[in-house]
Amino acid sequence: MGVGAGFWIGARRSAQLLRERRRLEGLIRHIPDGLLLCNLSGDVLQINPRGIEILGIDSDKPLEAINTAELRGKIQEILKVRTRSDVIELPQRRGGIQTAGYYRIDVTLLSVPGNDDIGIMILLRDIKG
């Protein structure tokens, strides 16, 4: 195989990876549940729009700016209620009115086979509707 053929195979593979990444980002962005990916220190690495809404985060801020002690505190509260059947109550603001939202929690420890744990995935499913 010549140099040119290797380049085109690499370019095709890169385009395929980019399509897969966009598809995954679209899925995460549009699922109806709150999804957070955190490192083991509790810093949010990725959060979808529904997660931002549920946790009452200012969506105009960059990810680095939302990793505050307040957010880490919310994550710690969520992690205290970690069995699949547990429900957490989180304050919500809808139309300027303070209400309560109820969410079933699913917490998954993320790891790579043969490696240490790399993070935590938190899924917040609205059970009130």
# chains A, B, ... in the order shown; residues from 1 in each chain; ligands from 1
call {"tool": "residues_around", "arguments": {"residues": "Leu37 of chain A", "least_positions_apart": "4", "cutoff": "9 Å", "atoms": "only C-alpha atoms", "output": "PyMOL selection string"}}
result
chain A and resi 43-47+119-123
call {"tool": "select_by_dssp", "arguments": {"residues": "chain A", "states": "helix (DSSP H, G or I)", "output": "PyMOL selection string"}}
result
chain A and resi 3-30+49-55+63-66+69-80
call {"tool": "atom_distance", "arguments": {"atom1": "atom CA of Leu124 of chain A", "atom2": "atom CA of Leu55 of chain A"}}
result
9.9 Å
call {"tool": "residues_around", "arguments": {"residues": "segment 102-115 of chain A", "least_positions_apart": "2", "cutoff": "9 Å", "atoms": "only C-alpha atoms", "output": "number ranges by chain"}}
result
A: 78-79, 81-91, 100, 117-129
call {"tool": "closest_residue", "arguments": {"among": "A:Ser41, A:Gln98, A:Asn48, A:Gln76", "to": "Leu63 of chain A", "atoms": "only C-alpha atoms"}}
result
A:Asn48
call {"tool": "atom_distance", "arguments": {"atom1": "atom CA of Cys38 of chain A", "atom2": "atom CA of Ile52 of chain A"}}
result
13.6 Å
call {"tool": "select_by_dssp", "arguments": {"residues": "chain A", "states": "strand (DSSP E)", "output": "PyMOL selection string"}}
result
chain A and resi 34-38+44-47+87-94+97-111+117-126
call {"tool": "write_last_selection", "arguments": {"atoms": "C-alpha atoms", "output": "PDB file, in the first residue's frame"}}
result
ATOM      1  CA  GLY A  34     -30.339  14.250  33.333  1.00  0.00           C
ATOM      2  CA  LEU A  35     -26.941  12.732  32.564  1.00  0.00           C
ATOM      3  CA  LEU A  36     -23.723  13.674  34.307  1.00  0.00           C
ATOM      4  CA  LEU A  37     -20.270  12.221  33.801  1.00  0.00           C
ATOM      5  CA  CYS A  38     -17.944  13.042  36.684  1.00  0.00           C
ATOM      6  CA  VAL A  44     -18.453  17.339  36.153  1.00  0.00           C
ATOM      7  CA  LEU A  45     -16.789  16.373  32.880  1.00  0.00           C
ATOM      8  CA  GLN A  46     -19.956  16.240  30.775  1.00  0.00           C
ATOM      9  CA  ILE A  47     -23.559  17.203  31.458  1.00  0.00           C
ATOM     10  CA  VAL A  87     -35.495   8.674  44.829  1.00  0.00           C
ATOM     11  CA  ILE A  88     -34.103  12.123  45.506  1.00  0.00           C
ATOM     12  CA  GLU A  89     -36.041  15.352  45.832  1.00  0.00           C
ATOM     13  CA  LEU A  90     -34.398  18.370  44.211  1.00  0.00           C
ATOM     14  CA  PRO A  91     -35.742  21.929  44.269  1.00  0.00           C
ATOM     15  CA  GLN A  92     -36.964  23.167  40.887  1.00  0.00           C
ATOM     16  CA  ARG A  93     -37.876  26.553  39.479  1.00  0.00           C
ATOM     17  CA  ARG A  94     -40.574  26.429  36.831  1.00  0.00           C
ATOM     18  CA  ILE A  97     -42.348  29.147  41.012  1.00  0.00           C
ATOM     19  CA  GLN A  98     -40.274  27.040  43.436  1.00  0.00           C
ATOM     20  CA  THR A  99     -41.403  23.406  43.383  1.00  0.00           C
ATOM     21  CA  ALA A 100     -39.855  20.013  44.051  1.00  0.00           C
ATOM     22  CA  GLY A 101     -38.708  17.540  41.445  1.00  0.00           C
ATOM     23  CA  TYR A 102     -38.445  13.823  42.195  1.00  0.00           C
ATOM     24  CA  TYR A 103     -35.819  11.753  40.407  1.00  0.00           C
ATOM     25  CA  ARG A 104     -34.870   8.097  40.409  1.00  0.00           C
ATOM     26  CA  ILE A 105     -31.118   7.799  40.529  1.00  0.00           C
ATOM     27  CA  ASP A 106     -28.873   5.403  38.661  1.00  0.00           C
ATOM     28  CA  VAL A 107     -25.176   5.669  39.499  1.00  0.00           C
ATOM     29  CA  THR A 108     -22.622   3.659  37.547  1.00  0.00           C
ATOM     30  CA  LEU A 109     -18.922   3.449  38.286  1.00  0.00           C
ATOM     31  CA  LEU A 110     -17.071   3.705  34.983  1.00  0.00           C
ATOM     32  CA  SER A 111     -13.951   1.629  34.533  1.00  0.00           C
ATOM     33  CA  ASP A 117     -11.977   3.279  37.927  1.00  0.00           C
ATOM     34  CA  ILE A 118     -12.114   6.375  35.740  1.00  0.00           C
ATOM     35  CA  GLY A 119     -15.320   8.116  36.718  1.00  0.00           C
ATOM     36  CA  ILE A 120     -18.981   8.066  37.607  1.00  0.00           C
ATOM     37  CA  MET A 121     -22.073   8.286  35.435  1.00  0.00           C
ATOM     38  CA  ILE A 122     -25.190   9.670  37.122  1.00  0.00           C
ATOM     39  CA  LEU A 123     -28.604   9.348  35.487  1.00  0.00           C
ATOM     40  CA  LEU A 124     -31.491  11.366  36.966  1.00  0.00           C
ATOM     41  CA  ARG A 125     -34.862  10.103  35.738  1.00  0.00           C
ATOM     42  CA  ASP A 126     -37.885  12.332  36.398  1.00  0.00           C
TER      43      ASP A 126
END
call {"tool": "atom_distance", "arguments": {"atom1": "atom CA of Arg23 of chain A", "atom2": "atom CA of Arg50 of chain A"}}
result
17.6 Å
call {"tool": "closest_residue", "arguments": {"among": "A:Pro49, A:Gly10, A:Ala65, A:Ile57", "to": "Ile28 of chain A", "atoms": "only C-alpha atoms"}}
result
A:Pro49
call {"tool": "closest_residue", "arguments": {"among": "A:Ile75, A:Arg22, A:Lys80, A:Gly56", "to": "Leu40 of chain A", "atoms": "only C-alpha atoms"}}
result
A:Ile75
